[in-house]
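Structure file start.pdb; described as PDB, C-alpha atoms and all ligand atoms.
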ATOM      1  CA  MET A  26      22.506   7.666  30.610
ATOM      2  CA  LYS A  27      25.190   7.909  27.918
ATOM      3  CA  ILE A  28      23.760   9.892  25.003
ATOM      4  CA  ARG A  29      25.197   9.648  21.504
ATOM      5  CA  VAL A  30      24.171  12.126  18.797
ATOM      6  CA  ILE A  31      24.047  10.675  15.269
ATOM      7  CA  ASN A  32      23.330  12.966  12.317
ATOM      8  CA  ASN A  33      22.646  10.382   9.630
ATOM      9  CA  CYS A  34      20.342   7.379   9.175
ATOM     10  CA  ASP A  35      23.038   4.684   9.375
ATOM     11  CA  GLY A  36      22.074   1.894  11.729
ATOM     12  CA  VAL A  37      18.640   3.318  12.498
ATOM     13  CA  ASP A  38      15.814   0.793  12.796
ATOM     14  CA  PHE A  39      12.821   2.759  11.533
ATOM     15  CA  SER A  40      10.342   0.448  13.236
ATOM     16  CA  GLU A  41      11.799   1.882  16.481
ATOM     17  CA  VAL A  42      11.180   5.391  15.132
ATOM     18  CA  VAL A  43       7.565   4.402  14.524
ATOM     19  CA  GLU A  44       7.283   2.954  18.047
ATOM     20  CA  ILE A  45       8.432   6.231  19.624
ATOM     21  CA  LEU A  46       6.079   8.279  17.420
ATOM     22  CA  LYS A  47       3.227   6.012  18.540
ATOM     23  CA  LYS A  48       4.186   6.309  22.204
ATOM     24  CA  VAL A  49       4.195  10.123  22.116
ATOM     25  CA  GLY A  50       0.922  10.295  20.162
ATOM     26  CA  MET A  51       2.373  11.787  16.988
ATOM     27  CA  ARG A  52       1.355  10.916  13.453
ATOM     28  CA  TYR A  53       3.272   7.921  12.134
ATOM     29  CA  HIS A  54       3.592   5.955   8.899
ATOM     30  CA  ALA A  55       4.964   2.570   7.863
ATOM     31  CA  PRO A  56       8.680   2.209   8.724
ATOM     32  CA  GLU A  57       9.729   2.366   5.046
ATOM     33  CA  VAL A  58       7.781   5.604   4.548
ATOM     34  CA  GLN A  59       9.219   7.021   7.740
ATOM     35  CA  GLU A  60      12.698   6.073   6.540
ATOM     36  CA  LYS A  61      12.096   7.853   3.227
ATOM     37  CA  THR A  62      11.095  11.058   5.043
ATOM     38  CA  PHE A  63      14.282  11.025   7.119
ATOM     39  CA  ARG A  64      16.584  10.062   4.250
ATOM     40  CA  ASN A  65      15.175  12.867   2.078
ATOM     41  CA  SER A  66      15.591  15.456   4.835
ATOM     42  CA  ALA A  67      18.437  17.967   4.845
ATOM     43  CA  CYS A  68      19.189  17.321   8.488
ATOM     44  CA  THR A  69      18.464  14.267  10.620
ATOM     45  CA  ILE A  70      19.319  13.909  14.290
ATOM     46  CA  PHE A  71      19.013  10.673  16.256
ATOM     47  CA  LEU A  72      19.811  10.308  19.948
ATOM     48  CA  PHE A  73      20.851   6.951  21.355
ATOM     49  CA  ASP A  74      21.389   5.947  24.967
ATOM     50  CA  GLU A  75      24.128   3.384  24.396
ATOM     51  CA  ASP A  76      22.391   1.398  21.596
ATOM     52  CA  THR A  77      18.794   2.338  22.401
ATOM     53  CA  LEU A  78      17.077   4.914  20.197
ATOM     54  CA  VAL A  79      15.589   7.515  22.551
ATOM     55  CA  GLY A  80      14.759  10.502  20.329
ATOM     56  CA  PHE A  81      15.054  12.187  16.976
ATOM     57  CA  GLY A  82      14.187  15.164  14.806
ATOM     58  CA  ARG A  83      14.643  16.235  11.214
ATOM     59  CA  ALA A  84      14.411  19.267   8.941
ATOM     60  CA  ILE A  85      13.750  19.662   5.228
ATOM     61  CA  SER A  86      15.210  22.611   3.341
ATOM     62  CA  ASP A  87      15.703  24.410   0.024
ATOM     63  CA  GLY A  88      19.462  24.132   0.470
ATOM     64  CA  ALA A  89      20.028  27.870   0.804
ATOM     65  CA  ILE A  90      17.648  29.942   2.932
ATOM     66  CA  GLN A  91      14.558  28.156   4.241
ATOM     67  CA  ALA A  92      14.028  25.016   6.320
ATOM     68  CA  ALA A  93      11.207  23.365   8.248
ATOM     69  CA  VAL A  94      11.492  21.137  11.309
ATOM     70  CA  TYR A  95       9.492  17.905  11.665
ATOM     71  CA  ASP A  96       9.176  14.825  13.853
ATOM     72  CA  VAL A  97      10.869  16.045  17.015
ATOM     73  CA  ALA A  98      10.151  13.370  19.611
ATOM     74  CA  ILE A  99      11.739  11.981  22.755
ATOM     75  CA  ASP A 100      10.790   8.603  24.210
ATOM     76  CA  PRO A 101       8.529   9.347  27.221
ATOM     77  CA  SER A 102      10.916   7.694  29.685
ATOM     78  CA  TYR A 103      13.668  10.103  28.533
ATOM     79  CA  GLN A 104      11.640  13.331  28.450
ATOM     80  CA  GLY A 105      12.506  16.245  30.734
ATOM     81  CA  LYS A 106      16.243  15.471  30.696
ATOM     82  CA  GLY A 107      17.361  18.087  28.162
ATOM     83  CA  LEU A 108      17.337  15.763  25.137
ATOM     84  CA  GLY A 109      14.706  17.699  23.184
ATOM     85  CA  ARG A 110      16.875  20.769  23.600
ATOM     86  CA  ILE A 111      19.868  18.872  22.177
ATOM     87  CA  ILE A 112      17.887  17.972  19.048
ATOM     88  CA  ILE A 113      16.870  21.587  18.427
ATOM     89  CA  GLU A 114      20.406  22.826  19.082
ATOM     90  CA  GLU A 115      21.816  20.271  16.637
ATOM     91  CA  ILE A 116      19.313  21.237  13.923
ATOM     92  CA  ARG A 117      19.986  24.955  14.495
ATOM     93  CA  GLU A 118      23.718  24.353  14.289
ATOM     94  CA  GLU A 119      23.548  22.204  11.155
ATOM     95  CA  LEU A 120      21.191  24.673   9.457
ATOM     96  CA  SER A 121      22.836  27.765  10.853
ATOM     97  CA  GLY A 122      21.861  30.823   8.766
ATOM     98  CA  TYR A 123      18.565  29.289   7.591
ATOM     99  CA  ASN A 124      15.097  30.459   8.577
ATOM    100  CA  LEU A 125      13.472  27.596  10.482
ATOM    101  CA  ILE A 126       9.726  27.117  10.725
ATOM    102  CA  LEU A 127       7.641  24.390  12.321
ATOM    103  CA  TYR A 128       4.213  23.735  13.711
ATOM    104  CA  ALA A 129       4.218  22.581  17.305
ATOM    105  CA  SER A 130       1.911  19.942  18.718
ATOM    106  CA  PRO A 131      -0.771  21.788  20.702
ATOM    107  CA  GLY A 132       0.659  22.468  24.188
ATOM    108  CA  LYS A 133       4.308  22.183  23.113
ATOM    109  CA  GLU A 134       4.739  25.791  21.983
ATOM    110  CA  ASP A 135       6.655  26.803  25.124
ATOM    111  CA  PHE A 136       9.272  24.101  24.522
ATOM    112  CA  TYR A 137      10.076  25.816  21.208
ATOM    113  CA  ARG A 138       9.856  29.311  22.737
ATOM    114  CA  LYS A 139      12.510  28.241  25.256
ATOM    115  CA  ASN A 140      14.630  27.124  22.319
ATOM    116  CA  GLY A 141      14.546  30.446  20.480
ATOM    117  CA  PHE A 142      11.420  30.123  18.319
ATOM    118  CA  SER A 143       8.637  32.724  18.132
ATOM    119  CA  LYS A 144       4.968  32.190  17.442
ATOM    120  CA  MET A 145       4.079  32.867  13.799
ATOM    121  CA  LEU A 146       1.136  35.203  13.342
ATOM    122  CA  THR A 147       0.369  34.437   9.709
ATOM    123  CA  GLY A 148       1.137  30.714   9.404
ATOM    124  CA  MET A 149      -1.134  28.938   6.920
ATOM    125  CA  ALA A 150      -1.285  25.255   6.035
ATOM    126  CA  PHE A 151      -2.884  23.039   3.424
ATOM    127  CA  PHE A 152      -3.119  19.644   5.115
ATOM    128  CA  GLN A 153      -4.189  16.458   3.349
ATOM    129  CA  ASP A 154      -5.776  15.336   6.631
ATOM    130  CA  ALA A 155      -7.249  18.740   7.477
ATOM    131  CA  GLU A 156     -10.213  17.351   9.412
ATOM    132  CA  ALA A 157      -7.976  15.273  11.706
ATOM    133  CA  LYS A 158      -5.623  18.248  12.164
ATOM    134  CA  ARG A 159      -8.622  20.428  13.054
ATOM    135  CA  GLU A 160      -9.838  17.914  15.640
ATOM    136  CA  LYS A 161      -6.379  17.808  17.208
ATOM    137  CA  GLY A 162      -6.213  21.592  17.482
ATOM    138  CA  PHE A 163      -3.634  22.359  14.798
ATOM    139  CA  ILE A 164      -5.836  24.554  12.598
ATOM    140  CA  GLU A 165      -8.928  26.735  13.031
TER     141      GLU A 165
HETATM  142  C1  LIG A 201       8.371  18.216  23.365
HETATM  143  C2  LIG A 201       9.579  17.320  23.598
HETATM  144  C3  LIG A 201      10.312  17.105  22.287
HETATM  145  C4  LIG A 201      10.509  18.029  24.599
HETATM  146  O1  LIG A 201      11.651  17.223  24.803
HETATM  147  P1  LIG A 201      12.258  17.036  26.284
HETATM  148  O2  LIG A 201      13.514  16.275  26.160
HETATM  149  O3  LIG A 201      11.204  16.497  27.163
HETATM  150  O4  LIG A 201      12.537  18.558  26.673
HETATM  151  P2  LIG A 201      13.847  19.147  27.406
HETATM  152  O5  LIG A 201      14.073  18.346  28.649
HETATM  153  O6  LIG A 201      14.967  19.247  26.433
HETATM  154  O7  LIG A 201      13.321  20.594  27.787
HETATM  155  C5  LIG A 201      13.956  21.789  27.372
HETATM  156  C6  LIG A 201      13.203  22.938  27.987
HETATM  157  O8  LIG A 201      11.871  22.974  27.452
HETATM  158  C7  LIG A 201      10.922  22.858  28.515
HETATM  159  N1  LIG A 201       9.807  22.031  28.061
HETATM  160  C8  LIG A 201       9.849  20.737  27.677
HETATM  161  N2  LIG A 201       8.623  20.317  27.299
HETATM  162  C9  LIG A 201       7.802  21.386  27.466
HETATM  163  C10 LIG A 201       6.424  21.589  27.252
HETATM  164  N3  LIG A 201       5.619  20.618  26.796
HETATM  165  N4  LIG A 201       5.900  22.809  27.526
HETATM  166  C11 LIG A 201       6.704  23.803  28.004
HETATM  167  N5  LIG A 201       8.024  23.667  28.228
HETATM  168  C12 LIG A 201       8.566  22.470  27.957
HETATM  169  C13 LIG A 201      11.670  22.215  29.656
HETATM  170  O9  LIG A 201      11.078  22.525  30.897
HETATM  171  C14 LIG A 201      13.040  22.815  29.509
HETATM  172  O10 LIG A 201      13.031  24.130  30.012
HETATM  173  P3  LIG A 201      14.214  24.681  30.972
HETATM  174  O11 LIG A 201      15.427  24.725  30.091
HETATM  175  O12 LIG A 201      13.716  26.009  31.398
HETATM  176  O13 LIG A 201      14.358  23.680  32.071
HETATM  177  C15 LIG A 201       9.198  15.969  24.228
HETATM  178  O14 LIG A 201       8.539  16.185  25.441
HETATM  179  C16 LIG A 201       8.335  15.110  23.339
HETATM  180  O15 LIG A 201       8.832  14.299  22.568
HETATM  181  N6  LIG A 201       6.999  15.234  23.459
HETATM  182  C17 LIG A 201       6.075  14.413  22.700
HETATM  183  C18 LIG A 201       6.197  14.624  21.226
HETATM  184  C19 LIG A 201       5.967  16.044  20.829
HETATM  185  O16 LIG A 201       4.964  16.655  21.168
HETATM  186  N7  LIG A 201       6.929  16.590  20.070
HETATM  187  C20 LIG A 201       6.873  17.922  19.578
HETATM  188  C21 LIG A 201       6.184  17.908  18.276
HETATM  189  S1  LIG A 201       5.955  19.544  17.692
END

I need this file expressed as structure tokens, please.
Amino acid sequence: MKIRVINNCDGVDFSEVVEILKKVGMRYHAPEVQEKTFRNSACTIFLFDEDTLVGFGRAISDGAIQAAVYDVAIDPSYQGKGLGRIIIEEIREELSGYNLILYASPGKEDFYRKNGFSKMLTGMAFFQDAEAKREKGFIE
């Protein structure tokens, strides 16, 4: 394994991003929509093993104080090797000094706890797909 960390979208095939999101069971969109979300983010991290995309994450921000992390995913065959941690460390470094919030996939909270995050007690969300989010255990 020879991991390269890339912090821009150059050379990324967004159909591969979609494939990884599908494999890990996360919400995905058409490649061009997915590309738009990454290109409009303040921080994008992609991990490659040689030339193979194996993971990514991104954060949006107000450019001064607040940021939110989305789409952290590692290809299943590369999970448990410290790559998720690298993505969070890279985002924290690039957005050093910002408050970071996120909502974890149900069951993944401890991954974020181990990476310095705390559970929010008053988090509220207005989701367009609220019913689906409720079924998946994101909201009450
Ligand atoms: C969650 C995910 C990003 C973690 O990435 P990873 O590369 O497998 O995790 P790492 O190997 O970097 O693990 C870092 C630490 O977190 C722990 N950890 C990883 N996944 C965990 C989980 N689901 N629950 C609790 N702890 C977890 C590891 O044991 C490790 O702890 P250690 O330092 O004490 O050994 C990855 O498993 C994934 O893509 N899952 C599917 C998609 C997903 O749910 N993404 C999160 C969306 S909110």

Test item: residues lying within 7 Å of ligand LIG 201 (chain A) with only C-alpha atoms and all ligand atoms, as number ranges by chain: A: 49-51, 96-101, 103-111, 128-130, 132-136, 139

List as an mmCIF file with C-alpha atoms, keeping the file's coordinate frame the protein and nucleic acid residues near stretch 81-94 of chain A, meaning an atom at most 6 Å away when all atoms listed in the file are counted, but skip any in the same chain fewer than 2 places from it.
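Once written, result-v9.cif looks like this:
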data_model
loop_
_atom_site.group_PDB
_atom_site.id
_atom_site.type_symbol
_atom_site.label_atom_id
_atom_site.label_comp_id
_atom_site.auth_asym_id
_atom_site.auth_seq_id
_atom_site.Cartn_x
_atom_site.Cartn_y
_atom_site.Cartn_z
ATOM 1 C CA SER A 66 15.591 15.456 4.835
ATOM 2 C CA ALA A 67 18.437 17.967 4.845
ATOM 3 C CA CYS A 68 19.189 17.321 8.488
ATOM 4 C CA THR A 69 18.464 14.267 10.620
ATOM 5 C CA ILE A 70 19.319 13.909 14.290
ATOM 6 C CA PHE A 71 19.013 10.673 16.256
ATOM 7 C CA LEU A 72 19.811 10.308 19.948
ATOM 8 C CA ASP A 96 9.176 14.825 13.853
ATOM 9 C CA VAL A 97 10.869 16.045 17.015
ATOM 10 C CA ALA A 98 10.151 13.370 19.611
ATOM 11 C CA TYR A 123 18.565 29.289 7.591
ATOM 12 C CA ASN A 124 15.097 30.459 8.577
ATOM 13 C CA LEU A 125 13.472 27.596 10.482
ATOM 14 C CA ILE A 126 9.726 27.117 10.725
ATOM 15 C CA LEU A 127 7.641 24.390 12.321
#

Separation of atom CA of A:Val42 from atom CA of A:Asp76 in Å: 13.5 Å

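Of note, atom CA of A:Tyr53 and atom CA of A:Val79 are spaced 16.1 Å apart.
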
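Between atom CA of A:Ile45 and atom CA of A:Asp154 the interatomic distance comes to 21.3 Å.
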
Which residue of A:Arg138, A:Leu120, A:Ser40, A:Glu165 approaches A:Phe151 most closely, using all atoms listed in the file: A:Glu165

Evaluate the PyMOL selection byres (((chain A and resi 43) around 10) and not hetatm) and report residues as JSON, numbers by chain: {"A": [38, 39, 40, 41, 42, 44, 45, 46, 47, 48, 51, 52, 53, 54, 55, 56, 57, 59, 60]}

Shell around A:Lys27 at 9 Å using all atoms listed in the file, local window under 5 positions removed, as a list in words: Phe73, Asp74 and Glu75 of chain A

Evaluate the PyMOL selection byres (((chain A and resi 163) around 10) and not hetatm) against this structure - the residues, as an mmCIF file with C-alpha atoms, in the frame of the given file, please.
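Below you can see selection_14.cif, which holds the result:
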data_model
loop_
_atom_site.group_PDB
_atom_site.id
_atom_site.type_symbol
_atom_site.label_atom_id
_atom_site.label_comp_id
_atom_site.auth_asym_id
_atom_site.auth_seq_id
_atom_site.Cartn_x
_atom_site.Cartn_y
_atom_site.Cartn_z
ATOM 1 C CA TYR A 128 4.213 23.735 13.711
ATOM 2 C CA ALA A 129 4.218 22.581 17.305
ATOM 3 C CA SER A 130 1.911 19.942 18.718
ATOM 4 C CA PRO A 131 -0.771 21.788 20.702
ATOM 5 C CA ALA A 150 -1.285 25.255 6.035
ATOM 6 C CA ALA A 155 -7.249 18.740 7.477
ATOM 7 C CA GLU A 156 -10.213 17.351 9.412
ATOM 8 C CA ALA A 157 -7.976 15.273 11.706
ATOM 9 C CA LYS A 158 -5.623 18.248 12.164
ATOM 10 C CA ARG A 159 -8.622 20.428 13.054
ATOM 11 C CA GLU A 160 -9.838 17.914 15.640
ATOM 12 C CA LYS A 161 -6.379 17.808 17.208
ATOM 13 C CA GLY A 162 -6.213 21.592 17.482
ATOM 14 C CA ILE A 164 -5.836 24.554 12.598
ATOM 15 C CA GLU A 165 -8.928 26.735 13.031
#

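With all atoms listed in the file as the atoms that count, the residue of A:Lys61, A:Ile31, A:Leu78, A:Thr147 with the shortest distance to A:Ile116 is A:Ile31.
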
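With all atoms listed in the file as the atoms that count, the residue of A:Asn65, A:Ser102, A:Thr77, A:Ser121 with the shortest distance to A:Val30 is A:Thr77.
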
Could you complete stretch 93-108 of chain A so that it carries N, CA, C and O atoms, and give it back as a PDB file, in the frame of the given file?
ATOM      1  N   ALA A  93      12.360  23.646   7.383  1.00  0.00           N
ATOM      2  CA  ALA A  93      11.207  23.365   8.248  1.00  0.00           C
ATOM      3  C   ALA A  93      11.493  22.116   9.074  1.00  0.00           C
ATOM      4  O   ALA A  93      12.010  21.123   8.556  1.00  0.00           O
ATOM      5  N   VAL A  94      11.176  22.208  10.351  1.00  0.00           N
ATOM      6  CA  VAL A  94      11.492  21.137  11.309  1.00  0.00           C
ATOM      7  C   VAL A  94      10.277  20.218  11.476  1.00  0.00           C
ATOM      8  O   VAL A  94       9.145  20.692  11.582  1.00  0.00           O
ATOM      9  N   TYR A  95      10.557  18.908  11.486  1.00  0.00           N
ATOM     10  CA  TYR A  95       9.492  17.905  11.665  1.00  0.00           C
ATOM     11  C   TYR A  95       9.936  16.803  12.612  1.00  0.00           C
ATOM     12  O   TYR A  95      11.133  16.571  12.811  1.00  0.00           O
ATOM     13  N   ASP A  96       8.946  16.092  13.131  1.00  0.00           N
ATOM     14  CA  ASP A  96       9.176  14.825  13.853  1.00  0.00           C
ATOM     15  C   ASP A  96      10.181  14.923  14.985  1.00  0.00           C
ATOM     16  O   ASP A  96      11.054  14.059  15.144  1.00  0.00           O
ATOM     17  N   VAL A  97      10.038  15.967  15.814  1.00  0.00           N
ATOM     18  CA  VAL A  97      10.869  16.045  17.015  1.00  0.00           C
ATOM     19  C   VAL A  97      10.163  15.248  18.114  1.00  0.00           C
ATOM     20  O   VAL A  97       9.037  15.567  18.502  1.00  0.00           O
ATOM     21  N   ALA A  98      10.790  14.208  18.581  1.00  0.00           N
ATOM     22  CA  ALA A  98      10.151  13.370  19.611  1.00  0.00           C
ATOM     23  C   ALA A  98      11.200  12.709  20.490  1.00  0.00           C
ATOM     24  O   ALA A  98      12.253  12.279  20.011  1.00  0.00           O
ATOM     25  N   ILE A  99      10.886  12.646  21.766  1.00  0.00           N
ATOM     26  CA  ILE A  99      11.739  11.981  22.755  1.00  0.00           C
ATOM     27  C   ILE A  99      10.907  10.889  23.421  1.00  0.00           C
ATOM     28  O   ILE A  99       9.756  11.137  23.825  1.00  0.00           O
ATOM     29  N   ASP A 100      11.479   9.696  23.525  1.00  0.00           N
ATOM     30  CA  ASP A 100      10.790   8.603  24.210  1.00  0.00           C
ATOM     31  C   ASP A 100      10.315   9.101  25.581  1.00  0.00           C
ATOM     32  O   ASP A 100      11.089   9.740  26.298  1.00  0.00           O
ATOM     33  N   PRO A 101       9.066   8.817  25.960  1.00  0.00           N
ATOM     34  CA  PRO A 101       8.529   9.347  27.221  1.00  0.00           C
ATOM     35  C   PRO A 101       9.423   9.103  28.433  1.00  0.00           C
ATOM     36  O   PRO A 101       9.533   9.969  29.308  1.00  0.00           O
ATOM     37  N   SER A 102      10.098   7.962  28.493  1.00  0.00           N
ATOM     38  CA  SER A 102      10.916   7.694  29.685  1.00  0.00           C
ATOM     39  C   SER A 102      12.205   8.530  29.687  1.00  0.00           C
ATOM     40  O   SER A 102      12.938   8.525  30.684  1.00  0.00           O
ATOM     41  N   TYR A 103      12.466   9.255  28.607  1.00  0.00           N
ATOM     42  CA  TYR A 103      13.668  10.103  28.533  1.00  0.00           C
ATOM     43  C   TYR A 103      13.309  11.595  28.464  1.00  0.00           C
ATOM     44  O   TYR A 103      14.195  12.427  28.318  1.00  0.00           O
ATOM     45  N   GLN A 104      12.027  11.916  28.541  1.00  0.00           N
ATOM     46  CA  GLN A 104      11.640  13.331  28.450  1.00  0.00           C
ATOM     47  C   GLN A 104      12.031  14.081  29.721  1.00  0.00           C
ATOM     48  O   GLN A 104      12.158  13.490  30.785  1.00  0.00           O
ATOM     49  N   GLY A 105      12.197  15.394  29.584  1.00  0.00           N
ATOM     50  CA  GLY A 105      12.506  16.245  30.734  1.00  0.00           C
ATOM     51  C   GLY A 105      13.960  16.148  31.192  1.00  0.00           C
ATOM     52  O   GLY A 105      14.290  16.560  32.303  1.00  0.00           O
ATOM     53  N   LYS A 106      14.827  15.616  30.332  1.00  0.00           N
ATOM     54  CA  LYS A 106      16.243  15.471  30.696  1.00  0.00           C
ATOM     55  C   LYS A 106      17.146  16.296  29.781  1.00  0.00           C
ATOM     56  O   LYS A 106      18.351  16.063  29.707  1.00  0.00           O
ATOM     57  N   GLY A 107      16.551  17.218  29.024  1.00  0.00           N
ATOM     58  CA  GLY A 107      17.361  18.087  28.162  1.00  0.00           C
ATOM     59  C   GLY A 107      17.634  17.524  26.777  1.00  0.00           C
ATOM     60  O   GLY A 107      18.381  18.125  26.006  1.00  0.00           O
ATOM     61  N   LEU A 108      17.027  16.379  26.437  1.00  0.00           N
ATOM     62  CA  LEU A 108      17.337  15.763  25.137  1.00  0.00           C
ATOM     63  C   LEU A 108      16.625  16.473  23.980  1.00  0.00           C
ATOM     64  O   LEU A 108      17.192  16.611  22.889  1.00  0.00           O
TER      65      LEU A 108
END
